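Just query.tsv here, TSV, C-alpha atoms and all ligand atoms:
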chain	number	residue	atom	x	y	z
A	20	MET	CA	-111.12	93.27	86.09
A	21	ARG	CA	-112.87	96.48	87.04
A	22	SER	CA	-113.91	97.83	83.63
A	23	GLU	CA	-117.69	97.92	83.27
A	24	GLY	CA	-119.98	98.67	80.36
A	25	ILE	CA	-122.52	97.25	77.94
A	26	ALA	CA	-122.25	98.40	74.31
A	27	VAL	CA	-124.68	97.38	71.56
A	28	GLU	CA	-122.69	96.96	68.36
A	29	SER	CA	-125.67	96.08	66.19
A	30	ALA	CA	-129.30	95.16	66.73
A	31	ASP	CA	-131.79	94.10	64.11
A	32	TYR	CA	-134.41	91.37	63.94
A	33	CYS	CA	-132.46	89.48	61.29
A	34	GLY	CA	-129.03	89.39	62.93
A	35	GLY	CA	-130.14	89.77	66.56
A	36	ALA	CA	-128.36	91.91	69.13
A	37	PHE	CA	-124.56	91.83	69.15
A	38	VAL	CA	-123.54	93.20	72.54
A	39	ARG	CA	-120.04	93.77	73.93
A	40	VAL	CA	-119.80	93.61	77.72
A	41	GLN	CA	-116.75	94.64	79.76
A	42	ALA	CA	-115.45	91.89	82.05
A	43	GLY	CA	-116.06	93.78	85.32
A	44	THR	CA	-119.78	94.31	84.68
A	45	PRO	CA	-121.82	92.48	87.35
A	46	TRP	CA	-123.35	89.49	85.54
A	47	ASP	CA	-126.86	89.96	86.87
A	48	ASP	CA	-126.90	93.66	85.86
A	49	PHE	CA	-126.28	92.50	82.30
A	50	VAL	CA	-129.07	89.89	82.50
A	51	ALA	CA	-131.47	92.53	83.86
A	52	GLU	CA	-130.47	94.89	81.02
A	53	ALA	CA	-131.02	92.12	78.44
A	54	VAL	CA	-134.49	91.41	79.82
A	55	ARG	CA	-135.36	95.14	79.79
A	56	SER	CA	-134.02	95.55	76.24
A	57	GLY	CA	-135.79	92.50	74.76
A	58	TRP	CA	-132.69	90.35	74.16
A	59	ALA	CA	-133.39	86.66	74.73
A	60	GLY	CA	-130.92	83.88	75.56
A	61	ILE	CA	-129.58	84.59	79.06
A	62	GLU	CA	-132.80	85.11	81.06
A	63	ALA	CA	-132.46	81.63	82.66
A	64	LEU	CA	-129.09	82.75	84.04
A	65	SER	CA	-130.71	85.36	86.32
A	66	GLY	CA	-129.46	85.73	89.87
A	67	ILE	CA	-125.99	84.26	89.34
A	68	PRO	CA	-123.34	86.18	91.31
A	69	GLY	CA	-119.97	87.39	90.02
A	70	ALA	CA	-118.71	89.32	87.02
A	71	VAL	CA	-119.36	88.88	83.28
A	72	GLY	CA	-115.65	88.05	82.77
A	73	ALA	CA	-115.97	85.00	85.03
A	74	THR	CA	-118.88	83.48	83.11
A	75	PRO	CA	-116.95	81.97	80.17
A	76	VAL	CA	-114.32	80.58	82.55
A	77	GLN	CA	-116.58	77.84	83.88
A	78	ASN	CA	-119.25	78.16	81.17
A	79	VAL	CA	-121.87	79.27	83.68
A	80	GLY	CA	-125.17	77.46	83.27
A	81	ALA	CA	-128.58	77.10	84.88
A	82	TYR	CA	-132.18	76.18	84.06
A	83	GLY	CA	-131.40	74.94	80.57
A	84	GLN	CA	-129.08	77.71	79.37
A	85	GLU	CA	-125.28	77.97	79.28
A	86	VAL	CA	-123.35	81.12	78.37
A	87	SER	CA	-121.58	79.16	75.63
A	88	GLN	CA	-124.90	79.15	73.70
A	89	THR	CA	-124.85	82.95	73.31
A	90	ILE	CA	-121.15	83.89	73.52
A	91	ALA	CA	-119.82	85.14	70.16
A	92	GLN	CA	-116.29	86.19	71.19
A	93	VAL	CA	-114.09	86.30	74.28
A	94	ARG	CA	-111.36	88.96	74.33
A	95	VAL	CA	-108.56	88.09	76.74
A	96	TYR	CA	-105.12	89.14	77.88
A	97	ASP	CA	-102.82	86.15	77.44
A	98	ARG	CA	-100.37	86.29	80.35
A	99	GLU	CA	-98.03	83.82	78.69
A	100	GLN	CA	-97.74	85.54	75.31
A	101	GLN	CA	-98.28	88.97	76.89
A	102	ARG	CA	-100.76	90.10	74.26
A	103	ILE	CA	-104.47	90.59	73.73
A	104	ARG	CA	-106.24	87.80	71.85
A	105	THR	CA	-109.78	87.11	70.69
A	106	PHE	CA	-111.28	83.63	70.95
A	107	PHE	CA	-114.32	82.42	69.03
A	108	PRO	CA	-116.58	79.78	70.68
A	109	VAL	CA	-115.19	76.94	68.58
A	110	ASP	CA	-111.76	77.51	70.19
A	111	CYS	CA	-113.02	77.96	73.76
A	112	ARG	CA	-113.40	74.22	74.52
A	113	PHE	CA	-116.72	74.88	76.24
A	114	SER	CA	-118.34	71.92	77.96
A	115	TYR	CA	-120.32	71.36	81.19
A	116	ARG	CA	-118.86	73.87	83.72
A	117	HIS	CA	-115.60	73.90	81.78
A	118	SER	CA	-113.58	75.83	79.19
A	119	LEU	CA	-110.11	76.48	77.84
A	120	PHE	CA	-109.91	79.43	80.25
A	121	LYS	CA	-110.48	77.16	83.27
A	122	GLU	CA	-108.06	74.44	82.18
A	123	THR	CA	-105.07	76.58	81.16
A	124	SER	CA	-102.72	78.09	83.73
A	125	HIS	CA	-99.57	80.19	83.69
A	126	ARG	CA	-97.23	80.29	86.70
A	127	GLY	CA	-99.86	78.73	88.97
A	128	THR	CA	-102.92	80.86	88.11
A	129	GLY	CA	-105.18	81.35	85.09
A	130	ARG	CA	-103.34	82.06	81.83
A	131	TYR	CA	-106.13	84.17	80.35
A	132	VAL	CA	-107.61	87.30	81.92
A	133	VAL	CA	-110.96	87.95	80.30
A	134	LEU	CA	-111.30	91.59	79.20
A	135	GLU	CA	-114.58	91.58	77.30
A	136	VAL	CA	-117.26	89.10	76.26
A	137	ALA	CA	-119.40	89.59	73.15
A	138	PHE	CA	-122.87	88.03	73.14
A	139	GLN	CA	-125.14	87.27	70.22
A	140	LEU	CA	-128.72	87.43	71.51
A	141	GLU	CA	-132.11	87.02	69.89
A	142	ILE	CA	-134.29	90.12	69.71
A	143	ALA	CA	-137.56	88.94	71.23
A	144	ASP	CA	-140.08	89.79	73.92
A	145	LEU	CA	-140.37	86.11	74.76
A	146	SER	CA	-137.83	83.87	76.47
A	147	ARG	CA	-136.00	81.06	74.74
A	148	PRO	CA	-138.06	77.84	75.10
A	149	ILE	CA	-138.26	76.86	78.79
A	150	ALA	CA	-136.05	73.79	78.99
A	151	TYR	CA	-136.17	72.86	82.68
A	152	ALA	CA	-139.07	70.93	84.19
A	153	ASP	CA	-139.20	72.71	87.58
A	154	LEU	CA	-139.08	76.09	85.87
A	155	ALA	CA	-141.89	75.18	83.48
A	156	ALA	CA	-143.94	73.91	86.44
A	157	GLY	CA	-143.27	77.13	88.38
A	158	LEU	CA	-144.49	79.15	85.39
A	159	GLY	CA	-147.49	76.88	84.83
A	160	VAL	CA	-146.47	76.14	81.20
A	161	GLU	CA	-145.33	73.08	79.24
A	162	GLN	CA	-141.63	72.51	78.77
A	163	GLY	CA	-140.65	74.14	75.45
A	164	ALA	CA	-143.07	77.06	75.84
A	165	ARG	CA	-141.87	80.66	75.60
A	166	VAL	CA	-142.97	83.24	78.15
A	167	PRO	CA	-142.40	87.02	78.52
A	168	LEU	CA	-138.72	87.64	79.34
A	169	ALA	CA	-139.52	89.38	82.63
A	170	ASP	CA	-141.68	86.41	83.74
A	171	ALA	CA	-138.87	83.98	82.95
A	172	ARG	CA	-136.39	86.05	84.97
A	173	GLU	CA	-138.75	86.29	87.95
A	174	ALA	CA	-139.48	82.53	87.84
A	175	VAL	CA	-135.76	81.71	87.77
A	176	LEU	CA	-135.07	84.03	90.71
A	177	GLU	CA	-137.91	82.31	92.58
A	178	GLN	CA	-136.41	78.84	91.88
A	179	ARG	CA	-132.98	80.05	93.00
A	180	ARG	CA	-134.35	81.63	96.19
A	181	ARG	CA	-136.16	78.42	97.03
A	182	ARG	CA	-132.84	76.58	96.77
A	183	GLY	CA	-131.00	79.24	98.83
A	184	MET	CA	-129.00	80.21	95.73
A	185	VAL	CA	-129.61	83.97	95.76
A	186	LEU	CA	-127.08	85.70	97.98
A	187	ASP	CA	-128.66	87.53	100.92
A	188	PRO	CA	-126.12	89.16	103.28
A	189	ALA	CA	-128.58	88.73	106.18
A	190	ASP	CA	-129.10	84.99	105.68
A	191	HIS	CA	-126.18	82.60	106.33
A	192	ASP	CA	-128.11	79.86	104.53
A	193	THR	CA	-127.24	81.65	101.27
A	194	TRP	CA	-123.55	82.27	102.02
A	195	SER	CA	-122.24	79.75	99.53
A	196	CYS	CA	-120.60	79.67	96.11
A	197	GLY	CA	-123.58	77.90	94.56
A	198	SER	CA	-123.12	74.23	93.77
A	199	PHE	CA	-119.91	73.05	95.44
A	200	PHE	CA	-119.58	69.89	93.32
A	201	THR	CA	-120.41	69.31	89.67
A	202	ASN	CA	-123.00	66.71	88.75
A	203	PRO	CA	-121.10	63.49	87.89
A	204	LEU	CA	-120.95	62.47	84.24
A	205	LEU	CA	-120.91	58.66	84.08
A	206	ARG	CA	-120.69	56.06	81.35
A	207	PRO	CA	-124.00	54.15	81.08
A	208	ALA	CA	-122.41	51.04	82.67
A	209	GLU	CA	-121.14	53.14	85.59
A	210	HIS	CA	-124.65	54.51	86.09
A	211	ASP	CA	-126.03	50.95	86.07
A	212	ALA	CA	-123.48	50.05	88.77
A	213	LEU	CA	-124.57	53.11	90.76
A	214	VAL	CA	-128.23	52.04	90.53
A	215	ALA	CA	-127.28	48.56	91.83
A	216	ARG	CA	-125.24	50.03	94.65
A	217	ALA	CA	-128.10	52.38	95.60
A	218	ALA	CA	-130.52	49.42	95.67
A	219	ALA	CA	-128.16	47.50	97.97
A	220	LEU	CA	-127.83	50.48	100.30
A	221	LEU	CA	-131.35	51.94	100.21
A	222	GLY	CA	-133.39	48.80	99.47
A	223	PRO	CA	-134.78	47.44	96.18
A	224	ASP	CA	-137.85	49.69	96.45
A	225	GLY	CA	-135.81	52.66	97.60
A	226	PRO	CA	-135.04	55.87	95.66
A	227	VAL	CA	-133.19	55.51	92.35
A	228	PRO	CA	-130.30	57.82	91.35
A	229	PRO	CA	-131.51	60.51	88.90
A	230	ARG	CA	-130.50	60.04	85.28
A	231	PHE	CA	-130.24	62.92	82.77
A	232	PRO	CA	-128.66	63.12	79.30
A	233	GLY	CA	-124.99	64.06	79.79
A	234	GLY	CA	-123.89	64.62	76.19
A	235	THR	CA	-120.86	62.79	74.89
A	236	ASP	CA	-117.18	62.53	75.81
A	237	ASP	CA	-114.27	63.55	73.53
A	238	SER	CA	-114.55	60.25	71.66
A	239	GLY	CA	-118.30	60.67	71.08
A	240	ALA	CA	-119.38	58.03	73.65
A	241	GLU	CA	-122.70	58.70	75.40
A	242	LEU	CA	-122.60	60.01	78.99
A	243	VAL	CA	-125.22	60.03	81.72
A	244	LYS	CA	-125.48	62.89	84.22
A	245	THR	CA	-126.61	62.10	87.76
A	246	SER	CA	-127.29	64.43	90.67
A	247	ALA	CA	-124.53	65.29	93.14
A	248	ALA	CA	-127.15	66.71	95.54
A	249	TRP	CA	-129.02	63.37	95.52
A	250	LEU	CA	-125.84	61.36	96.18
A	251	ILE	CA	-124.87	63.65	99.07
A	252	ASP	CA	-128.35	63.43	100.57
A	253	LYS	CA	-128.58	59.65	100.29
A	254	ALA	CA	-125.04	59.14	101.61
A	255	GLY	CA	-126.27	60.54	104.93
A	256	PHE	CA	-125.51	64.24	104.53
A	257	GLY	CA	-128.99	65.74	104.61
A	258	LYS	CA	-129.94	69.39	104.36
A	259	GLY	CA	-128.39	71.34	107.24
A	260	TYR	CA	-125.71	68.69	107.91
A	261	GLY	CA	-122.94	70.21	110.02
A	262	LEU	CA	-125.11	72.86	111.72
A	263	PRO	CA	-124.43	75.01	113.69
A	264	GLY	CA	-121.23	75.26	111.67
A	265	PRO	CA	-118.86	77.06	111.24
A	266	ALA	CA	-119.45	75.42	107.82
A	267	ALA	CA	-122.61	73.39	107.08
A	268	LEU	CA	-124.78	72.24	104.21
A	269	SER	CA	-127.54	74.67	103.36
A	270	THR	CA	-130.92	73.79	104.87
A	271	LYS	CA	-132.42	74.24	101.37
A	272	HIS	CA	-129.98	72.34	99.12
A	273	THR	CA	-127.35	69.72	99.94
A	274	LEU	CA	-125.04	70.91	97.16
A	275	ALA	CA	-124.50	74.33	98.74
A	276	LEU	CA	-121.75	74.39	101.38
A	277	THR	CA	-122.48	77.44	103.50
A	278	ASN	CA	-120.47	79.68	105.79
A	279	ARG	CA	-122.55	80.22	108.91
A	280	GLY	CA	-120.74	83.48	109.63
A	281	HIS	CA	-117.19	82.68	110.74
A	282	ALA	CA	-116.08	79.72	108.62
A	283	THR	CA	-112.53	79.72	107.28
A	284	ALA	CA	-111.59	78.25	103.91
A	285	ALA	CA	-110.15	75.30	105.88
A	286	ASP	CA	-113.55	74.71	107.57
A	287	VAL	CA	-115.29	74.64	104.18
A	288	VAL	CA	-112.65	72.32	102.70
A	289	ALA	CA	-112.90	69.97	105.71
A	290	LEU	CA	-116.68	69.70	105.22
A	291	ALA	CA	-116.25	69.22	101.46
A	292	ARG	CA	-113.72	66.43	102.09
A	293	GLU	CA	-116.06	64.68	104.53
A	294	VAL	CA	-118.93	64.85	102.02
A	295	ARG	CA	-116.80	63.74	99.06
A	296	ASP	CA	-115.34	60.79	101.04
A	297	GLY	CA	-118.78	59.78	102.37
A	298	VAL	CA	-120.29	59.76	98.87
A	299	GLN	CA	-117.30	57.80	97.55
A	300	GLN	CA	-117.71	55.21	100.31
A	301	ALA	CA	-121.48	54.90	99.88
A	302	PHE	CA	-121.74	54.94	96.09
A	303	GLY	CA	-118.24	54.59	94.59
A	304	VAL	CA	-118.61	57.95	92.80
A	305	THR	CA	-115.98	60.64	93.31
A	306	LEU	CA	-117.44	64.14	93.41
A	307	VAL	CA	-115.38	66.89	91.76
A	308	ASN	CA	-115.36	70.43	93.13
A	309	GLU	CA	-116.80	73.18	90.90
A	310	PRO	CA	-114.96	76.17	92.46
A	311	VAL	CA	-111.23	76.48	91.74
A	312	PHE	CA	-109.14	76.05	94.91
A	313	VAL	CA	-106.30	78.43	95.73
A	314	GLY	CA	-103.90	77.25	98.44
A	315	HIS	CA	-106.09	74.28	99.46
A	316	GLU	CA	-106.64	70.75	98.23
A	317	LEU	CA	-109.60	68.46	98.64
B	1	LIG	N1	-124.93	78.10	87.79
B	1	LIG	C1	-123.68	78.51	87.79
B	1	LIG	O1	-122.93	78.21	86.87
B	1	LIG	C2	-123.22	79.33	88.92
B	1	LIG	C3	-121.97	79.91	88.86
B	1	LIG	N2	-121.51	80.68	89.87
B	1	LIG	C4	-120.19	81.29	89.70
B	1	LIG	O2	-119.58	81.48	90.96
B	1	LIG	C5	-118.77	82.63	90.91
B	1	LIG	C6	-119.10	83.55	92.05
B	1	LIG	O3	-117.91	83.85	92.65
B	1	LIG	P1	-117.37	85.34	92.86
B	1	LIG	O4	-116.02	85.21	93.45
B	1	LIG	O5	-118.42	86.19	93.49
B	1	LIG	O6	-117.28	85.80	91.33
B	1	LIG	P2	-116.16	86.55	90.49
B	1	LIG	O7	-116.81	86.89	89.24
B	1	LIG	O8	-115.58	87.67	91.28
B	1	LIG	O9	-114.98	85.48	90.27
B	1	LIG	C7	-115.15	84.11	90.09
B	1	LIG	C8	-113.89	83.49	89.50
B	1	LIG	O10	-113.70	83.91	88.16
B	1	LIG	C9	-112.40	84.48	87.98
B	1	LIG	N3	-112.53	85.69	87.18
B	1	LIG	C10	-113.29	86.79	87.47
B	1	LIG	N4	-113.17	87.70	86.50
B	1	LIG	C11	-112.29	87.18	85.60
B	1	LIG	C12	-111.73	87.66	84.39
B	1	LIG	N5	-112.06	88.86	83.90
B	1	LIG	N6	-110.85	86.88	83.73
B	1	LIG	C13	-110.50	85.67	84.21
B	1	LIG	N7	-110.99	85.15	85.36
B	1	LIG	C14	-111.88	85.90	86.04
B	1	LIG	C15	-111.91	84.83	89.36
B	1	LIG	O11	-110.52	84.62	89.39
B	1	LIG	P3	-109.55	85.48	90.38
B	1	LIG	O12	-109.93	85.09	91.76
B	1	LIG	O13	-108.20	85.04	89.98
B	1	LIG	O14	-109.84	86.91	90.07
B	1	LIG	C16	-112.62	83.83	90.23
B	1	LIG	O15	-111.87	82.63	90.31
B	1	LIG	C17	-118.99	83.31	89.57
B	1	LIG	O16	-117.97	82.92	88.69
B	1	LIG	C18	-120.30	82.70	89.13
B	1	LIG	O17	-120.43	82.76	87.73
B	1	LIG	C19	-122.25	80.89	91.00
B	1	LIG	C20	-123.52	80.34	91.14
B	1	LIG	C21	-124.10	79.54	90.08
B	2	LIG	C1	-126.04	76.67	91.23
B	2	LIG	C2	-125.34	76.14	90.23
B	2	LIG	O1	-125.93	75.52	89.12
B	2	LIG	C3	-127.02	74.64	89.31
B	2	LIG	C4	-128.21	75.21	88.52
B	2	LIG	O2	-128.60	76.46	89.04
B	2	LIG	C5	-129.36	74.20	88.62
B	2	LIG	C6	-130.53	74.60	87.74
B	2	LIG	O3	-130.16	74.46	86.39
B	2	LIG	O4	-128.94	72.90	88.15
B	2	LIG	C7	-127.80	72.34	88.80
B	2	LIG	O5	-128.05	72.09	90.17
B	2	LIG	P1	-128.75	70.71	90.61
B	2	LIG	O6	-128.37	69.63	89.66
B	2	LIG	O7	-128.48	70.47	92.04
B	2	LIG	O8	-130.28	71.04	90.32
B	2	LIG	P2	-131.57	70.97	91.23
B	2	LIG	O9	-132.73	71.08	90.30
B	2	LIG	O10	-131.49	71.96	92.33
B	2	LIG	O11	-131.51	69.50	91.89
B	2	LIG	C8	-131.44	68.32	91.07
B	2	LIG	C9	-131.91	67.11	91.83
B	2	LIG	O12	-131.09	66.91	92.98
B	2	LIG	C10	-131.83	66.32	94.01
B	2	LIG	N1	-131.68	67.08	95.26
B	2	LIG	C11	-131.59	68.44	95.23
B	2	LIG	C12	-131.40	69.15	96.41
B	2	LIG	C13	-131.28	68.44	97.61
B	2	LIG	O13	-131.07	69.01	98.70
B	2	LIG	N2	-131.37	67.08	97.60
B	2	LIG	C14	-131.56	66.38	96.44
B	2	LIG	O14	-131.62	65.16	96.47
B	2	LIG	C15	-133.26	66.20	93.53
B	2	LIG	O15	-133.42	64.91	93.02
B	2	LIG	C16	-133.32	67.21	92.39
B	2	LIG	O16	-134.26	66.88	91.43
B	2	LIG	C17	-126.65	73.29	88.72
B	2	LIG	N3	-125.51	72.74	89.42
B	2	LIG	C18	-124.63	71.95	88.80
B	2	LIG	C19	-123.49	71.46	89.62
B	2	LIG	O17	-124.71	71.64	87.61
B	2	LIG	C20	-123.89	76.18	90.20
B	2	LIG	O18	-123.30	75.59	89.28
B	2	LIG	O19	-123.27	76.79	91.11
Can the structure in the file be given as structure tokens, please?
Amino acid sequence: MRSEGIAVESADYCGGAFVRVQAGTPWDDFVAEAVRSGWAGIEALSGIPGAVGATPVQNVGAYGQEVSQTIAQVRVYDREQQRIRTFFPVDCRFSYRHSLFKETSHRGTGRYVVLEVAFQLEIADLSRPIAYADLAAGLGVEQGARVPLADAREAVLEQRRRRGMVLDPADHDTWSCGSFFTNPLLRPAEHDALVARAAALLGPDGPVPPRFPGGTDDSGAELVKTSAAWLIDKAGFGKGYGLPGPAALSTKHTLALTNRGHATAADVVALAREVRDGVQQAFGVTLVNEPVFVGHEL
């Protein structure tokens, strides 16, 4: 989609800002505009590449915010029914890095082409409460504090740069599509088994797999989120694994598979397969790719 534009439909302190954004608008331009305008709710999503229309597809998220928290409507072209439709969040099947738009295809590619996304944002000079420990530490505040929007944006960009997650054409270490694998969501018993397996491999006093709340599955059962980056690292694929390339892990973050300048899609997939298989062998956890593959399989 090439159409760009940000239109404020209404803005008042009671109802907040209701903003319609054309799908082709660069995502980070919209975040910058929101920060300038005093609209809170997407400042933690600063520095993410791509277009606004792509953000509901995988429910883009970072540093404690997900677009599903502020999306009010998604206007799409339905390729199957050949008509324009409007989806409200309750129908979008949003979950961690997932949505109806990602899971539904028509003749081999996505069924829905996003035309416009409407956001409902809070009118505020301060950010939403800082929900991510590293970000709070970087800002020198407690988790849950609110800081000026521009400070939150700058702190997020700093965190992303430190992890090599802000694209810089001059630096191959940033030539990635962000996290290549999603963080595994495990049942509590599976996480216990992972902890035991890690102890057997890394020693009883060795590092323990991270454990974060992972929400619930469709049946309401509790899930535990662990860290794909940690599993990759501890399975023997440290930062910079695969250098000099053509594809290699970033030297700043093991979850970023980077193109060192001349990597083909096949090179990236071969590295991803090696990492996935190594993690499976070491820990019995199967990593799932975050980007959608076209013409390749893992
Ligand atoms: N924390 C996070 O969640 C992060 C997420 N990312 C995501 O990685 C991606 C960066 O990749 P890049 O290729 O530069 O980004 P793009 O925005 O160009 O496209 C990304 C994907 O979204 C699809 N897409 C784009 N626009 C639409 C639309 N209007 N309707 C339906 N599907 C659409 C594209 O499909 P097609 O190829 O068929 O056009 C493509 O598969 C972005 O989606 C970004 O949000 C990156 C870093 C961090
Ligand atoms: C960049 C993306 O999103 C990112 C998002 O920016 C950040 C911040 O919220 O949190 C997720 O990364 P992440 O889980 O790797 O977060 P980080 O804070 O960088 O790392 C988590 C933990 O992994 C471990 N870690 C990280 C890097 C590394 O090289 N080695 C390692 O072991 C550490 O234990 C660290 O504490 C998202 N990735 C996924 C798959 O959920 C993306 O999806 O493309």
Find, counting all atoms listed in the file, the residue in A:Ala169, A:Asn202, A:Phe302, A:Leu290 that gets nearest to Ala219 of chain A.
A:Phe302
Site check for ligand LIG 2 (chain B): residues at most 7 Å away, all atoms listed in the file, as a list in words
Val79, Gly80, Ala81, Tyr82, Gly83, Arg179, Arg182, Met184, Cys196, Gly197, Ser198, Phe199, Phe200, Thr201, Asn202, Pro229, Ser246, Ala247, Ala248, Trp249, Leu250, Asp252, Lys258, Lys271, His272, Thr273 and Leu274 of chain A
With only C-alpha atoms and all ligand atoms counted, collect every polymer residue having an atom within 8 Å of ligand LIG 1 (chain B); state the result as number ranges by chain.
A: 20, 42-43, 45-46, 64, 67-74, 76-81, 85, 95, 116, 120, 128-129, 131-135, 184, 196-198, 310-311
How many Å lie between atom CA of Gly159 of chain A and atom CA of Ala275 of chain A, rounded to one decimal?
27.0 Å
Who sits within 9 Å of Tyr32 of chain A, only C-alpha atoms, same chain under 3 positions skipped, as a ChimeraX atom specification:
/A:35-36,141-143
What does the file look like for those residues with C-alpha atoms, as a PDB file, keeping the file's coordinate frame?
ATOM      1  CA  GLY A  35    -130.140  89.770  66.560  1.00  0.00           C
ATOM      2  CA  ALA A  36    -128.360  91.910  69.130  1.00  0.00           C
ATOM      3  CA  GLU A 141    -132.110  87.020  69.890  1.00  0.00           C
ATOM      4  CA  ILE A 142    -134.290  90.120  69.710  1.00  0.00           C
ATOM      5  CA  ALA A 143    -137.560  88.940  71.230  1.00  0.00           C
TER       6      ALA A 143
END
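If all atoms listed in the file are the atoms counted, then among A:Cys111, A:His191, A:Val175, A:Pro207 the closest residue to Ala282 of chain A is A:His191.
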